[in-house]
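This is protein31.cif (mmCIF, C-alpha atoms and all ligand atoms).
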data_start
loop_
_atom_site.group_PDB
_atom_site.id
_atom_site.type_symbol
_atom_site.label_atom_id
_atom_site.label_comp_id
_atom_site.auth_asym_id
_atom_site.auth_seq_id
_atom_site.Cartn_x
_atom_site.Cartn_y
_atom_site.Cartn_z
ATOM 1 C CA PRO A 506 30.932 -15.708 18.397
ATOM 2 C CA LYS A 507 27.259 -15.222 19.078
ATOM 3 C CA GLU A 508 25.868 -11.738 18.933
ATOM 4 C CA HIS A 509 22.640 -10.120 20.119
ATOM 5 C CA THR A 510 20.330 -7.742 18.372
ATOM 6 C CA LEU A 511 17.135 -6.018 19.385
ATOM 7 C CA ALA A 512 14.208 -6.790 17.109
ATOM 8 C CA VAL A 513 10.793 -5.167 17.352
ATOM 9 C CA ILE A 514 7.512 -6.274 15.818
ATOM 10 C CA LYS A 515 5.742 -2.926 15.650
ATOM 11 C CA PRO A 516 2.150 -2.037 16.668
ATOM 12 C CA ASP A 517 -0.800 -2.948 14.440
ATOM 13 C CA THR A 518 0.878 -6.037 13.022
ATOM 14 C CA PRO A 519 -1.931 -8.575 12.557
ATOM 15 C CA GLU A 520 -1.640 -11.612 14.819
ATOM 16 C CA GLU A 521 -1.124 -14.041 11.919
ATOM 17 C CA HIS A 522 1.771 -11.968 10.591
ATOM 18 C CA ARG A 523 3.258 -11.735 14.062
ATOM 19 C CA GLU A 524 3.137 -15.512 14.417
ATOM 20 C CA GLU A 525 4.659 -16.053 10.996
ATOM 21 C CA ILE A 526 7.495 -13.638 11.805
ATOM 22 C CA LEU A 527 8.235 -15.431 15.095
ATOM 23 C CA LYS A 528 8.234 -18.827 13.346
ATOM 24 C CA GLU A 529 10.532 -17.583 10.621
ATOM 25 C CA ILE A 530 12.953 -16.090 13.157
ATOM 26 C CA GLN A 531 13.331 -19.530 14.705
ATOM 27 C CA ALA A 532 13.480 -21.328 11.355
ATOM 28 C CA ARG A 533 16.439 -19.095 10.405
ATOM 29 C CA GLY A 534 18.358 -20.284 13.445
ATOM 30 C CA PHE A 535 18.000 -17.328 15.787
ATOM 31 C CA THR A 536 17.509 -17.977 19.472
ATOM 32 C CA ILE A 537 14.833 -15.792 21.024
ATOM 33 C CA SER A 538 16.654 -14.962 24.265
ATOM 34 C CA GLN A 539 13.960 -12.618 25.548
ATOM 35 C CA LEU A 540 10.452 -11.733 24.407
ATOM 36 C CA GLN A 541 8.286 -9.038 25.909
ATOM 37 C CA GLU A 542 5.109 -7.237 24.897
ATOM 38 C CA THR A 543 5.545 -3.549 25.650
ATOM 39 C CA VAL A 544 3.316 -0.548 25.102
ATOM 40 C CA LEU A 545 5.760 2.320 24.745
ATOM 41 C CA SER A 546 4.945 5.679 26.278
ATOM 42 C CA ARG A 547 5.571 8.723 24.053
ATOM 43 C CA GLU A 548 8.606 9.469 26.159
ATOM 44 C CA MET A 549 10.027 5.973 25.677
ATOM 45 C CA ALA A 550 9.361 6.015 21.938
ATOM 46 C CA GLU A 551 11.073 9.407 21.625
ATOM 47 C CA GLU A 552 14.084 8.090 23.522
ATOM 48 C CA PHE A 553 14.149 4.846 21.540
ATOM 49 C CA TYR A 554 14.264 6.762 18.242
ATOM 50 C CA LYS A 555 16.318 9.737 19.470
ATOM 51 C CA GLU A 556 18.703 9.312 16.496
ATOM 52 C CA HIS A 557 15.772 10.350 14.271
ATOM 53 C CA GLN A 558 14.501 13.338 16.266
ATOM 54 C CA GLU A 559 15.377 15.875 13.562
ATOM 55 C CA LYS A 560 13.648 13.919 10.799
ATOM 56 C CA PRO A 561 10.422 15.309 9.333
ATOM 57 C CA PHE A 562 8.620 12.034 10.100
ATOM 58 C CA PHE A 563 9.674 11.887 13.778
ATOM 59 C CA SER A 564 6.308 12.734 15.371
ATOM 60 C CA GLN A 565 4.447 10.336 13.068
ATOM 61 C CA LEU A 566 6.970 7.650 13.940
ATOM 62 C CA VAL A 567 6.431 8.223 17.672
ATOM 63 C CA ASP A 568 2.617 8.153 17.208
ATOM 64 C CA TYR A 569 2.879 4.858 15.368
ATOM 65 C CA MET A 570 5.179 3.223 17.907
ATOM 66 C CA CYS A 571 2.880 4.160 20.837
ATOM 67 C CA ARG A 572 -0.334 3.032 19.185
ATOM 68 C CA GLY A 573 -0.350 -0.444 20.688
ATOM 69 C CA PRO A 574 1.857 -3.225 21.991
ATOM 70 C CA CYS A 575 5.274 -3.837 20.454
ATOM 71 C CA THR A 576 6.818 -7.297 20.602
ATOM 72 C CA MET A 577 10.349 -6.683 21.852
ATOM 73 C CA LEU A 578 12.847 -9.448 21.183
ATOM 74 C CA ILE A 579 16.462 -10.148 21.898
ATOM 75 C CA LEU A 580 17.710 -12.338 19.035
ATOM 76 C CA THR A 581 20.920 -14.290 19.443
ATOM 77 C CA LYS A 582 22.978 -15.854 16.661
ATOM 78 C CA GLU A 583 26.328 -15.413 14.957
ATOM 79 C CA ASN A 584 26.105 -12.197 12.972
ATOM 80 C CA ALA A 585 22.639 -11.504 14.397
ATOM 81 C CA VAL A 586 22.614 -7.750 13.698
ATOM 82 C CA GLU A 587 23.296 -8.118 9.997
ATOM 83 C CA GLU A 588 21.191 -11.250 9.518
ATOM 84 C CA TRP A 589 18.101 -9.743 11.146
ATOM 85 C CA ARG A 590 18.493 -6.652 8.957
ATOM 86 C CA ALA A 591 18.700 -8.849 5.877
ATOM 87 C CA MET A 592 15.603 -10.728 6.987
ATOM 88 C CA MET A 593 13.680 -7.443 7.410
ATOM 89 C CA GLY A 594 14.726 -6.021 4.042
ATOM 90 C CA PRO A 595 14.921 -2.324 3.126
ATOM 91 C CA THR A 596 13.040 0.299 5.202
ATOM 92 C CA ASP A 597 10.701 1.121 2.321
ATOM 93 C CA PRO A 598 8.521 -1.847 1.368
ATOM 94 C CA SER A 599 8.199 -0.665 -2.243
ATOM 95 C CA LYS A 600 11.984 -0.941 -2.499
ATOM 96 C CA ALA A 601 11.912 -4.208 -0.562
ATOM 97 C CA LYS A 602 9.476 -5.694 -3.087
ATOM 98 C CA GLU A 603 11.955 -4.865 -5.868
ATOM 99 C CA THR A 604 15.182 -5.965 -4.221
ATOM 100 C CA ALA A 605 14.229 -8.458 -1.506
ATOM 101 C CA PRO A 606 10.798 -9.931 -2.246
ATOM 102 C CA GLU A 607 11.183 -12.659 0.397
ATOM 103 C CA SER A 608 11.916 -10.132 3.141
ATOM 104 C CA LEU A 609 9.498 -9.391 5.976
ATOM 105 C CA ARG A 610 8.924 -5.790 4.938
ATOM 106 C CA ALA A 611 8.279 -6.776 1.313
ATOM 107 C CA ARG A 612 5.606 -9.202 2.489
ATOM 108 C CA PHE A 613 4.035 -7.440 5.460
ATOM 109 C CA ALA A 614 4.806 -3.706 5.591
ATOM 110 C CA LYS A 615 2.129 -1.163 4.750
ATOM 111 C CA ASP A 616 4.427 1.734 3.812
ATOM 112 C CA ILE A 617 7.779 3.328 4.658
ATOM 113 C CA LEU A 618 6.480 4.484 8.066
ATOM 114 C CA GLU A 619 4.391 1.477 9.055
ATOM 115 C CA ASN A 620 7.024 -1.024 8.082
ATOM 116 C CA THR A 621 6.210 -3.811 10.580
ATOM 117 C CA VAL A 622 9.643 -4.526 12.039
ATOM 118 C CA HIS A 623 12.693 -2.815 13.468
ATOM 119 C CA GLY A 624 16.236 -3.982 14.044
ATOM 120 C CA SER A 625 19.334 -2.375 15.507
ATOM 121 C CA SER A 626 21.650 -1.002 12.841
ATOM 122 C CA ASN A 627 24.938 -2.007 14.494
ATOM 123 C CA LYS A 628 26.348 -3.811 17.521
ATOM 124 C CA GLN A 629 26.645 -0.685 19.634
ATOM 125 C CA HIS A 630 23.039 0.318 19.008
ATOM 126 C CA ALA A 631 22.007 -3.264 19.747
ATOM 127 C CA GLN A 632 23.623 -3.163 23.198
ATOM 128 C CA GLU A 633 22.177 0.276 23.909
ATOM 129 C CA LYS A 634 18.623 -0.551 22.830
ATOM 130 C CA ILE A 635 18.647 -3.947 24.531
ATOM 131 C CA HIS A 636 19.634 -2.214 27.737
ATOM 132 C CA PHE A 637 16.976 0.454 27.241
ATOM 133 C CA VAL A 638 14.160 -2.041 26.653
ATOM 134 C CA PHE A 639 15.162 -4.938 28.889
ATOM 135 C CA GLY A 640 17.217 -3.173 31.548
ATOM 136 C CA GLU A 641 18.897 -5.420 34.040
ATOM 137 C CA ILE A 642 17.677 -8.613 32.381
ATOM 138 C CA SER A 643 19.918 -7.837 29.450
ATOM 139 C CA SER A 644 23.253 -7.957 31.254
ATOM 140 C CA GLU A 645 25.531 -9.891 28.880
ATOM 141 C CA SER A 646 25.909 -13.058 30.967
ATOM 142 C CA GLU A 647 22.193 -13.504 31.544
ATOM 143 C CA VAL A 648 21.312 -13.036 27.890
ATOM 144 C CA VAL A 649 23.934 -15.555 26.770
ATOM 145 C CA SER A 650 22.732 -18.157 29.256
ATOM 146 C CA ALA A 651 19.033 -17.632 28.418
HETATM 147 P P1 LIG B 701 13.067 1.679 11.523
HETATM 148 O O1 LIG B 701 14.010 0.784 10.829
HETATM 149 O O2 LIG B 701 12.430 1.222 12.782
HETATM 150 O O3 LIG B 701 13.855 3.036 11.823
HETATM 151 C C1 LIG B 701 13.306 4.307 11.732
HETATM 152 C C2 LIG B 701 11.875 4.280 11.312
HETATM 153 O O4 LIG B 701 11.379 5.525 10.824
HETATM 154 C C3 LIG B 701 11.696 3.351 10.135
HETATM 155 O O5 LIG B 701 11.879 2.042 10.516
HETATM 156 C C4 LIG B 701 10.307 3.743 9.671
HETATM 157 O O6 LIG B 701 9.286 3.257 10.529
HETATM 158 C C5 LIG B 701 10.386 5.259 9.830
HETATM 159 N N1 LIG B 701 10.821 5.936 8.596
HETATM 160 C C6 LIG B 701 12.042 5.880 8.005
HETATM 161 N N2 LIG B 701 12.085 6.672 6.906
HETATM 162 C C7 LIG B 701 10.867 7.231 6.801
HETATM 163 C C8 LIG B 701 10.270 8.145 5.872
HETATM 164 N N3 LIG B 701 10.957 8.637 4.843
HETATM 165 N N4 LIG B 701 8.985 8.486 6.078
HETATM 166 C C9 LIG B 701 8.284 8.013 7.120
HETATM 167 N N5 LIG B 701 8.796 7.144 8.032
HETATM 168 C C10 LIG B 701 10.057 6.756 7.878
#

So that I can check it, write out the structure of this file as structure tokens.
Ligand code: CMP
Amino acid sequence: PKEHTLAVIKPDTPEEHREEILKEIQARGFTISQLQETVLSREMAEEFYKEHQEKPFFSQLVDYMCRGPCTMLILTKENAVEEWRAMMGPTDPSKAKETAPESLRARFAKDILENTVHGSSNKQHAQEKIHFVFGEISSESEVVSA
């Protein structure tokens, strides 16, 4: 069965990297069911990353995510959550370069904070974050038919 995940191309990603990421997403067989450029408010970024609010890097993370437009994507494919995470590679690009040199973070991320892309960590988070970002548009039937 097809599954959805929320993918984010984070602020400050150069346009040529953004285009390459979008091309690669399609080349790997994902359907881009929704795409939206969004500038997150601080409040939205804090809510989006609420699972990380106790982390020492939380305020830096919120600053980064509000700095400019994010490309918000709903990706649809069998096993989409896991496959998008594999495509991104590990959070820390220095680790990604060691263990997954073809991954997006190995190729494009600046450091562990400014790591270019985000993806939901499990199906429940995917549903929650899709709803948060896309609201009504993301009701299951509409996403599947998109
Ligand atoms: P992401 O996968 O979007 O989920 C949480 C984000 O917090 C992560 O990508 C990074 O942008 C950031 N992050 C995770 N760990 C650290 C860290 N140790 N130091 C700074 N930023 C981090």

When the PyMOL selection byres (((chain A and resi 540) around 9) and not hetatm) is applied to the file above, which residues end up in the set, as a list of chain:residue names? A:Ile537, A:Ser538, A:Gln539, A:Gln541, A:Glu542, A:Thr576, A:Met577, A:Leu578, A:Ile579

Set up a box along x, y and z of the file covering all listed atoms of region 605-612 of chain A, add 5 Å on every one of the six sides, and write the centre and edge lengths in Å to one decimal, as AutoDock Vina command-line options.
--center_x 9.9 --center_y -9.2 --center_z 1.9 --size_x 18.6 --size_y 16.9 --size_z 18.2

I need the residue set behind the PyMOL selection byres (((chain A and resi 633-641) around 10) and not hetatm) for this file; please write it as a list of chain:residue names.
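With the shown file as input, the PyMOL selection byres (((chain A and resi 633-641) around 10) and not hetatm) matches A:His509, A:Thr510, A:Leu511, A:Ala512, A:Gln539, A:Leu540, A:Gln541, A:Thr543, A:Leu545, A:Met549, A:Glu552, A:Phe553, A:Tyr554, A:Met577, A:Leu578, A:Ile579, A:Gly624, A:Ser625, A:Lys628, A:Gln629, A:His630, A:Ala631, A:Gln632, A:Ile642, A:Ser643, A:Ser644, A:Glu645, A:Glu647.
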
Emit the selected residues as a PDB file, in the coordinates of the input, including C-alpha atoms.
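Generated output (part.pdb):
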ATOM      1  CA  HIS A 509      22.640 -10.120  20.119  1.00  0.00           C
ATOM      2  CA  THR A 510      20.330  -7.742  18.372  1.00  0.00           C
ATOM      3  CA  LEU A 511      17.135  -6.018  19.385  1.00  0.00           C
ATOM      4  CA  ALA A 512      14.208  -6.790  17.109  1.00  0.00           C
ATOM      5  CA  GLN A 539      13.960 -12.618  25.548  1.00  0.00           C
ATOM      6  CA  LEU A 540      10.452 -11.733  24.407  1.00  0.00           C
ATOM      7  CA  GLN A 541       8.286  -9.038  25.909  1.00  0.00           C
ATOM      8  CA  THR A 543       5.545  -3.549  25.650  1.00  0.00           C
ATOM      9  CA  LEU A 545       5.760   2.320  24.745  1.00  0.00           C
ATOM     10  CA  MET A 549      10.027   5.973  25.677  1.00  0.00           C
ATOM     11  CA  GLU A 552      14.084   8.090  23.522  1.00  0.00           C
ATOM     12  CA  PHE A 553      14.149   4.846  21.540  1.00  0.00           C
ATOM     13  CA  TYR A 554      14.264   6.762  18.242  1.00  0.00           C
ATOM     14  CA  MET A 577      10.349  -6.683  21.852  1.00  0.00           C
ATOM     15  CA  LEU A 578      12.847  -9.448  21.183  1.00  0.00           C
ATOM     16  CA  ILE A 579      16.462 -10.148  21.898  1.00  0.00           C
ATOM     17  CA  GLY A 624      16.236  -3.982  14.044  1.00  0.00           C
ATOM     18  CA  SER A 625      19.334  -2.375  15.507  1.00  0.00           C
ATOM     19  CA  LYS A 628      26.348  -3.811  17.521  1.00  0.00           C
ATOM     20  CA  GLN A 629      26.645  -0.685  19.634  1.00  0.00           C
ATOM     21  CA  HIS A 630      23.039   0.318  19.008  1.00  0.00           C
ATOM     22  CA  ALA A 631      22.007  -3.264  19.747  1.00  0.00           C
ATOM     23  CA  GLN A 632      23.623  -3.163  23.198  1.00  0.00           C
ATOM     24  CA  ILE A 642      17.677  -8.613  32.381  1.00  0.00           C
ATOM     25  CA  SER A 643      19.918  -7.837  29.450  1.00  0.00           C
ATOM     26  CA  SER A 644      23.253  -7.957  31.254  1.00  0.00           C
ATOM     27  CA  GLU A 645      25.531  -9.891  28.880  1.00  0.00           C
ATOM     28  CA  GLU A 647      22.193 -13.504  31.544  1.00  0.00           C
TER      29      GLU A 647
END

Q. If you count all atoms listed in the file, which residues end up within 10 Å of ligand LIG 701 (chain B), as a PyMOL selection string?
A. chain A and resi 512-515+553-557+560-567+569-570+590+593-597+614+616-626

query: If we count all atoms listed in the file, what is near Arg572 (chain A) at a cut-off of 8 Å, once residues fewer than 5 positions away on the same chain are taken out, given as a list in words?
result: Pro516, Asp517 and Val544 of chain A

Practice problem: Using only C-alpha atoms, find all polymer residues with an atom at most 9 Å away from the point (17.2, -12.4, 9.1); report them as a list of chain:residue names. | Solution: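 Nearby residues: A:Glu529, A:Ile530, A:Arg533, A:Phe535, A:Ala585, A:Val586, A:Glu587, A:Glu588, A:Trp589, A:Arg590, A:Ala591, A:Met592, A:Met593, A:Gly594, A:Ser608, A:Leu609.
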